[in-house]
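All remarks here apply to the structure that follows.
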There are 6 protein chains.
Amino acid sequence: MSAAPLSLTPALQQQLRDWLQEDIGRGDLSAAALRPGRCRAHWISKAQGVFCGGPLLDFVFRELDQSASVELLVADGDAVTPGQRLLNVEAEAAALVAAERTALNLAMRLSGIATATARLVAELEGSGVRLADTRKTTPGLRVLEKYAVRCGGGLNHRLGLDDAAMLKENHLAWAGGVAAAIAAVRSGAPWPARVIVEAETAAEAQAAIEAGADGVLLDEFSPEALLELVPQLRALTSRPVVLEASGVQPEQLRAYAATGLDLISTSAPVTRSSWLDLSMRFSN
Amino acid sequence: MSAAPLSLTPALQQQLRDWLQEDIGRGDLSAAALRPGRCRAHWISKAQGVFCGGPLLDFVFRELDQSASVELLVADGDAVTPGQRLLNVEAEAAALVAAERTALNLAMRLSGIATATARLVAELEGSGVRLADTRKTTPGLRVLEKYAVRCGGGLNHRLGLDDAAMLKENHLAWAGGVAAAIAAVRSGAPWPARVIVEAETAAEAQAAIEAGADGVLLDEFSPEALLELVPQLRALTSRPVVLEASGVQPEQLRAYAATGLDLISTSAPVTRSSWLDLSMRFSN
Amino acid sequence: MSAAPLSLTPALQQQLRDWLQEDIGRGDLSAAALRPGRCRAHWISKAQGVFCGGPLLDFVFRELDQSASVELLVADGDAVTPGQRLLNVEAEAAALVAAERTALNLAMRLSGIATATARLVAELEGSGVRLADTRKTTPGLRVLEKYAVRCGGGLNHRLGLDDAAMLKENHLAWAGGVAAAIAAVRSGAPWPARVIVEAETAAEAQAAIEAGADGVLLDEFSPEALLELVPQLRALTSRPVVLEASGVQPEQLRAYAATGLDLISTSAPVTRSSWLDLSMRFSN
Amino acid sequence: MSAAPLSLTPALQQQLRDWLQEDIGRGDLSAAALRPGRCRAHWISKAQGVFCGGPLLDFVFRELDQSASVELLVADGDAVTPGQRLLNVEAEAAALVAAERTALNLAMRLSGIATATARLVAELEGSGVRLADTRKTTPGLRVLEKYAVRCGGGLNHRLGLDDAAMLKENHLAWAGGVAAAIAAVRSGAPWPARVIVEAETAAEAQAAIEAGADGVLLDEFSPEALLELVPQLRALTSRPVVLEASGVQPEQLRAYAATGLDLISTSAPVTRSSWLDLSMRFSN
Amino acid sequence: MSAAPLSLTPALQQQLRDWLQEDIGRGDLSAAALRPGRCRAHWISKAQGVFCGGPLLDFVFRELDQSASVELLVADGDAVTPGQRLLNVEAEAAALVAAERTALNLAMRLSGIATATARLVAELEGSGVRLADTRKTTPGLRVLEKYAVRCGGGLNHRLGLDDAAMLKENHLAWAGGVAAAIAAVRSGAPWPARVIVEAETAAEAQAAIEAGADGVLLDEFSPEALLELVPQLRALTSRPVVLEASGVQPEQLRAYAATGLDLISTSAPVTRSSWLDLSMRFSN
Amino acid sequence: MSAAPLSLTPALQQQLRDWLQEDIGRGDLSAAALRPGRCRAHWISKAQGVFCGGPLLDFVFRELDQSASVELLVADGDAVTPGQRLLNVEAEAAALVAAERTALNLAMRLSGIATATARLVAELEGSGVRLADTRKTTPGLRVLEKYAVRCGGGLNHRLGLDDAAMLKENHLAWAGGVAAAIAAVRSGAPWPARVIVEAETAAEAQAAIEAGADGVLLDEFSPEALLELVPQLRALTSRPVVLEASGVQPEQLRAYAATGLDLISTSAPVTRSSWLDLSMRFSN
């Protein structure tokens with residue numbers, strides 16, 4: 001699977017530095033027992049899953065040793081199996097040891113998300129329905145965890161409060177109804193911003209579409225209800241409106257996929273996944 | 001359960017600001033649909049578990065509205081049940097909405113860790129053996145995730161590379177044996193720093209204790225092997241040496257606890273836990 | 001005119017601190033000549049225009065004196081006239097003097113943009129065509145300058161490279177055509193992200209719409225050409241596609257507005273405007 | 001014209017990173033449509049003016065691609081004409097596209113200021129009077145905008161509140177007169193710091209010189225008044241005192257220059273200039 | 001002695017936060033043994049000297065407890081004696097304990113400098129010669145250490161490389177002589193910037209004055225040589241030129257003061273002083 | 001003497017940048033008088049002492065000129081004599097001049113501490129007692145000043161409030177006695193954290209050991225008192241307990257060393273030392 005590109009922005013570079021710092025603190029106390037000079041190590045996977053995080057690692061090791069080099073043997077999004085060698089790395093021993101935990105923690109967390117995403121995406125295979133993520137992400141890791149979802153075959157929902165507007169019960173109540181709420185948002189938002197409405201009843205969903213919503217999030221509807229509702233909503237407009245279900249349990253994915261929805265959004269790959277077990281071994 | 005105190009250091013305050021910023025980005029697009037003025041909300045738990053993260057929340061909401069106030073109804077470390085009200089919060093509507101996701105993400109993640117820790121700790125009840133964490137923590141969240149482990153009844157292991165030295169296979173090889181490695185570390189380390197040695201064989205464990213290690217991490221030994229080894233190691237010295245097992249599966253905790261160890265360290269509460277489901281409801 | 005809300009995000013708060021610091025440096029040398037104690041001042045407009053920047057000022061003065069207070073007499077987006085009093089401010093003399101220049105520079109720059117925008121927007125009045133901005137903004141001021149455009153009645157285009165995709169000549173060439181380029185972007189982008197194509201010929205514009213573009217930027221077409229082209233493009237699809245012209249001189253705005261376009265985008269309010277002249281006067 | 005050197009200080013390097021980040025945000029959505037590999041581009045001027053900002057560009061592109069290289073074909077301060085090629089740049093396509101807007105915005109803004117400065121400076125040619133800037137600069141760009149003024153042939157006034165003291169009406173009133181104010185400032189200021197007094201009447205100017213001011217800013221005097229006043233002030237002391245006029249309209253520059261002043265200070269190149277139109281073209 | 005004002009700039013506020021963080025790290029381990037609730041403490045001097053640093057302390061304690069309050073009983077620049085109570089502070093016990101060391105370290109270091117300065121200044125009393133500092137300051141503490149010098153009665157020399165130019169042997173050699181060097185600097189420097197020349201011979205000093213230097217630093221001249229040279233240099237020009245000696249040992253201060261110089265600059269109060277011994281005592 | 005390794009952590013790298021920035025400010029005004037092109041310089045010691053700070057210098061010069069190179073001729077911890085050449089450096093003239101002061105200030109300060117430490121350590125030679133430092137360090141320089149102590153042969157005490165707990169009079173009073181205080185701290189602290197108790201009487205020292213303290217700081221005891229007390233304390237337990245004296249005057253070191261203590265802690269090398277005089281000379 002070809003992974004979507006990851007942009008190593010100045011902000012992300014700074015985070016990688018901060019994360020190294022978090023572990024190193026005032027200096028690695030064990031460094032005095034290390035021999036100076038370059039040494040080599042490699043990573044292996046200890047479990048089956050989808051790898052993610054490779055493009056970050058070169059920067060991480062080089063922050064502590066400018067001459068470090070990382071050779072990736074797998075691409076982000078690739079399936080990996082137990083015992084598989086993932087990368088080779090060469091650096092000063094002190095840098096290898098000091099960066100090891102941070103680098104592994106990042107890749108294990110992201111690979112865990114990619115792996116969990118891929119499992120759910122596999123459930124939807126052939127249905128034409130995409131699996132999307134949510135804003136339930138670990139503080140500080142939004143961009144990376146959403147990238148991991150893409151590497152697992154998922155589709156990103158909005159990345160923050162500022163790249164699309166989601167109107168919930170309270171917005172509608174305070175603004176005086178869905179039409180007023182959408183109008184208020186559109187008047188101040190950049191024109192490319194989509195407006196999505198969270199609906200808890202069929203009537204709310206209908207009203208949202210009639211008021212011009214770009215997407216409707218159908219929250220906690222049953223598959224049966226959606227089977228009936230989705231075509232009704234489609235019939236309301238020739239505009240493309242994205243219909244999305246949330247509150248779906250993994251075991252119900254197929255039932256929901258059969259309703260003609262566009263998306264099923266879930267935080268499960270982020271909030272209910274385990275880290276993929278990876279480890280670093282010194283080559284000499 | 002009384003939770004260990006959490007220090008809202010300047011660095012942590014800055015992280016809380018950064019995490020809000022991550023979600024808000026260039027501004028909450030939905031704010032235009034909100035009514036000005038203060039409003040009230042409360043949080044409820046939607047699952048059974050151990051709450052964690054409360055002392056962070058006042059700062060989070062006040063960063064976006066200086067007059068915001070949070071009233072905690074539970075303390076960190078308290079058991080909570082589905083439907084239980086956890087806190088009341090009052091703030092400008094725009095601040096409440098903009099901070100909601102970040103605040104919940106933090107508390108859900110930390111409560112998930114506290115909950116998972118408490119479950120494992122319960123397994124060890126009465127055994128006198130403590131459950132300890134590891135350096136496998138989410139980048140950026142080391143201090144908070146370790147705090148969550150404490151709230152769940154666990155004991156923290158070292159917080160980074162700089163507050164205790166752990167000597168592994170490579171240190172020993174490069175330094176020329178365990179005695180040389182320990183000496184090298186002690187000569188440069190602050191005197192209060194403990195030196196711990198990771199041992200993969202009984203002979204290594206013995207050598208470590210004879211060389212003056214403060215702790216020995218017994219990696220991937222079976223309970224049977226430890227039943228025999230632990231008393232042998234205890235007999236080597238009158239110094240207190242902390243004996244710790246790692247690589248333990250949750251279902252084996254009781255078997256390991258019976259071996260006379262001091263600690264069982266595991267990353268499971270961090271790497272294999274789900275977030276505790278919490279939600280915010282507007283009160284008016 | 002009701003101004004769209006401005007979010008005083010943690011990042012913006014930090015910028016305001018940095019901007020004060022830039023002017024104060026190692027400390028205001030004139031402070032030794034100031035008398036301790038609170039004093040009052042007010043701002044007046046020395047020119048006709050549209051005010052912008054008010055909600056930033058309280059934070060700016062309070063950063064240097066926590067007890068400072070700013071009373072705004074006009075709202076952002078309000079028309080102001082020469083001699084009009086805009087606000088009252090009260091603070092320690094040293095804080096008033098040290099923050100004055102930074103506060104005025106901000107408000108004068110933003111008000112200049114709002115004023116220039118309002119003039120162009122007035123040209124379009126009644127046409128149904130909106131004036132939009134571009135990414136030509138002063139480094140560091142993107143969010144604020146775009147906010148000033150909103151205060152002047154303009155519509156924001158995307159705020160950065162990450163909240164909508166704009167495909168230009170090179171993207172199309174490298175990706176192997178407009179359909180391939182759009183597909184490549186959509187596969188990795190969050191679903192709410194719009195894809196806009198910059199077209200230099202009628203054929204390119206048509207191809208973009210057929211390939212599913214959400215918007216087409218028609219670059220340097222004449223009004224005559226657009227009069228013919230716009231209906232042809234509208235006829236290609238029932239999807240709403242935003243048609244936008246760029247490269248328009250201010251004196252041609254009306255001619256372009258008559259072509260049935262949705263938007264005219266221009267950097268002129270940012271790149272060709274003068275600051276609005278404002279000044280602070282001490283009240284005692 | 002030989003441009004004064006620009007110091008790429010650590011603070012400026014950080015700003016360049018922040019400004020890239022501002023545009024890139026969570027990542028360039030269009031990157032998926034770009035082909036990997038290096039490509040070449042060049043910049044051309046689309047207008048007549050004075051170029052400024054070149055020495056910043058190498059750092060900007062290299063921040064996103066360490067192997068990027070920029071070949072400058074013109075120096076800062078050089079006059080450029082429409083169609084003139086200004087520089088060649090080679091980098092990964094993704095870096096070229098992601099840095100393009102930030103790099104151009106910087107150079108267009110700074111070149112606009114240099115161009116506007118050069119036009120005013122040309123008015124003063126042969127008069128021996130220098131054109132100086134003010135503290136009216138865009139927040140965050142003080143050092144760069146002042147550098148652009150130098151590149152246009154202007155002279156910098158103080159760079160902030162901390163490298164020279166300017167005493168205004170309020171300082172004089174609060175300190176109990178000009179002599180007391182100057183004494184108060186000198187007692188706490190580094191000895192090299194100049195003390196300048198803003199005078200609104202001839203008597204104030206005289207008093208300032210008698211009290212030992214290093215410079216007198218003559219605010220809103222007519223050319224006629226200055227023709228008479230300047231020699232009177234010069235006669236008061238053998239110390240070199242810098243006499244400076246402010247509040248001068250561009251069309252009056254020659255009249256003011258004839259009065260024997262040392263400096264005319266104006267914010268016009270910063271507050272009333274347009275950006276110089278530059279563009280980047282891909283070479284392949 | 002009335003101390004010159006200290007500006008608590010945003011940058012200084014951030015440093016105070018960073019310095020607290022440096023000591024607190026991941027959290028004060030002793031906090032668990034503290035009782036919740038406010039408590040009171042006071043500071044006393046354990047030695048004779050000049051106090052400095054008071055205005056920083058309120059910010060320091062309030063960073064860890066917003067309700068903390070500091071009541072200063074002495075002003076910066078005041079002489080203090082052993083046993084003298086300097087301030088009262090009230091805060092949460094955890095904040096008092098966590099901020100204590102950082103606050104004391106700051107005040108002890110700064111008071112040590114003020115004390116050492118005052119001793120040297122006393123040597124010069126009645127001579128009309130001022131004692132000035134240098135750029136030999138502890139990294140990160142430039143502004144504060146220079147402030148401490150002022151509190152001790154000293155005069156600040158330039159604060160950095162950017163608020164006055166000092167031309168040394170190499171500048172003169174590279175620029176092609178003192179006249180060329182001064183001209184090169186003046187052409188690019190803000191007009192208020194002073195140009196100072198370091199001279200190692202009488203001829204160099206004379207050339208500097210003839211070339212228009214604002215100050216001459218006479219490095220390692222004997223008092224006898226200066227007695228002769230100073231009047232010769234004064235006779236060269238009616239411009240005020242600041243004559244300064246450096247490389248002066250404390251015991252020679254009086255001899256140098258008799259030569260008619262303006263300044264004697266020395267790093268001794270910064271590089272050769274001891275901290276003033278202060279301590280905090282809990283009041284209950 | 002072999003110096004303990006110094007970790008150039010991301011945080012330390014950022015500090016080095018900040019310290020350069022502090023001196024350079026808005027740019028070195030003298031740069032205009034420098035000739036472009038690389039030049040060479042070297043450092044010499046002007047006094048006898050112990051060198052410290054070398055490994056920082058390459059980073060400092062390279063921050064201003066990526067092609068700069070530093071060749072160290074002495075290692076940290078080496079004794080140096082007046083006139084000894086310490087290092088060669090090659091860089092652009094502008095970078096050499098702009099970084100010179102910051103680099104020297106760092107090395108002079110750190111070498112001064114190493115030198116002062118070495119003198120005290122020499123007093124203890126052969127006694128088996130180690131000299132330890134304290135938390136009295138210059139704000140911002142904790143890690144470096146403690147490193148300088150190591151380079152002078154001293155032993156570091158804890159580095160902050162978070163890597164060991166020190167319980168003082170107030171902790172004991174508030175917690176309800178030493179046993180309760182130790183228990184409270186151990187329950188929340190990472191297991192490797194040592195707990196040290198400050199004792200002012202023999203009874204307090206005894207109680208601390210009986211309550212399980214890892215170390216006892218014996219504050220302001222006389223050598224005579226300690227001669228008697230130390231063996232009594234040693235007899236209380238077979239656990240290794242570190243006995244440490246503080247409040248020791250340099251001239252009493254030998255007397256204290258004879259008491260059988262483990263450590264004597266003193267802030268003197270930090271709070272009562274002079275900088276080591278070093279200077280940079282241009283080689284051409």
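Residue numbering restarts at 1 for every chain of the structure tokens, chains are lettered A, B, ... in their displayed order, and ligands are numbered from 1 as they appear.
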Test item: residues at most 12 Å from Gly177 in chain F, only C-alpha atoms, excluding those fewer than 2 positions along its chain, as a PyMOL selection string: (chain E and resi 33-34) or (chain F and resi 167-175+179-184+197+204+207-208+211)
List every residue of range 50-201 of chain B that DSSP, applied to the backbone of this structure, places in strand (DSSP E or B), and write the result as an NGL selection string. :B and (50 or 69-72 or 79-80 or 85-92 or 130-132 or 155 or 165-167 or 195-199)
Within 8 Å of Asp214 in chain C, counting only C-alpha atoms, which residues show up once you throw out same-chain ones fewer than 2 positions away? Write them as a PDB file with C-alpha atoms, in the first residue's frame, please.
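Done, and the output landed in out.pdb:
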```pdb
ATOM      1  CA  ARG C 194     -11.525  21.146  -1.396  1.00  0.00           C
ATOM      2  CA  VAL C 195      -9.480  20.726  -4.537  1.00  0.00           C
ATOM      3  CA  ILE C 196      -9.118  23.825  -6.690  1.00  0.00           C
ATOM      4  CA  ILE C 209     -14.585  20.497 -13.736  1.00  0.00           C
ATOM      5  CA  GLY C 212     -14.294  16.796 -10.199  1.00  0.00           C
ATOM      6  CA  VAL C 216     -11.558  26.657 -10.706  1.00  0.00           C
ATOM      7  CA  PRO C 240     -21.634  23.488  -7.184  1.00  0.00           C
ATOM      8  CA  VAL C 241     -18.234  24.550  -8.525  1.00  0.00           C
ATOM      9  CA  VAL C 242     -16.762  27.819  -7.376  1.00  0.00           C
TER      10      VAL C 242
END
```
Using only C-alpha atoms, find the residues of chain C whose closest atom to chain B is at most 7 Å away, then write them as number ranges by chain. C: 4-5, 7, 9-11, 143
Please produce an output containing C-alpha atoms for each residue in the selection, written as a PDB file, in the first residue's frame.
```pdb
ATOM      1  CA  ALA C   4     -16.243  37.728  12.145  1.00  0.00           C
ATOM      2  CA  PRO C   5     -14.870  36.538  15.497  1.00  0.00           C
ATOM      3  CA  SER C   7      -9.740  33.638  18.165  1.00  0.00           C
ATOM      4  CA  THR C   9      -5.316  31.311  20.336  1.00  0.00           C
ATOM      5  CA  PRO C  10      -2.284  30.379  22.455  1.00  0.00           C
ATOM      6  CA  ALA C  11      -0.130  30.844  19.350  1.00  0.00           C
ATOM      7  CA  VAL C 143      -4.262  34.880  10.469  1.00  0.00           C
TER       8      VAL C 143
END
```
Which distance in Å separates CA of Asp219 in chain E and CA of Asn105 in chain F, to one decimal?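 CA of Asn105 in chain F lies at a distance of 19.4 Å from CA of Asp219 in chain E.
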Show me, as JSON, numbers by chain, the residues that have an atom within 8 Å of Leu8 in chain E when counting only C-alpha atoms, minus same-chain residues fewer than 4 positions from it. {"C": [64], "E": [12, 13, 56]}
N, CA, C and O atoms of the current selection, written as a compact mmCIF listing (two decimals), in the first residue's frame:
```
# COMPACT_ATOMS: atom_id res chain seq x y z
N LEU C 64 2.12 43.80 29.79
CA LEU C 64 3.12 44.61 30.49
C LEU C 64 2.61 45.16 31.81
O LEU C 64 3.36 45.67 32.62
N LEU E 12 12.10 38.26 29.49
CA LEU E 12 12.57 38.01 30.84
C LEU E 12 11.56 37.13 31.59
O LEU E 12 11.94 36.22 32.35
N GLN E 13 10.29 37.39 31.39
CA GLN E 13 9.27 36.53 32.01
C GLN E 13 9.48 35.08 31.58
O GLN E 13 9.38 34.16 32.40
N LEU E 56 11.95 40.78 40.67
CA LEU E 56 11.73 39.53 39.93
C LEU E 56 10.92 38.52 40.73
O LEU E 56 10.33 37.59 40.17
```
Using only C-alpha atoms, determine which residues lie at most 10 Å from Ala245 in chain B, disregarding the query and same-chain residues fewer than 2 positions distant; provide the list as a list of chain:residue names.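 So, after excluding close chain neighbours, the residues are B:Leu131, B:Ala132, B:Glu198, B:Ala199, B:Val216, B:Leu217, B:Leu218, B:Asp219, B:Glu220, B:Phe221, B:Ser222, B:Pro223, B:Leu226, B:Leu243, B:Gly247, B:Val248, B:Tyr256, B:Ala257, B:Leu261, B:Asp262, B:Leu263, B:Ile264, B:Ser265, B:Thr266.
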For Ser111 in chain B, which residue among B:Phe59, B:Trp43, B:Trp275, B:Trp191 is the nearest when counting only C-alpha atoms? B:Trp275
Report as number ranges by chain: the residues of range 70-262 of chain E with a DSSP assignment of helix (DSSP H, G or I), based on the backbone of this structure. E: 93-123, 142-151, 169-175, 178-188, 202-210, 223-235, 250-257
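Minimum atom-to-atom distances from F:Leu155, F:Cys52, F:Ala255, F:Leu6 to Ser127 in chain F were compared using only C-alpha atoms, and the lowest value belongs to F:Ala255.
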If you measure from CA of Gly160 in chain A to CA of Thr102 in chain B, what distance in Å do you get, rounded to one decimal?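 For CA of Gly160 in chain A relative to CA of Thr102 in chain B, the distance reads 10.5 Å.
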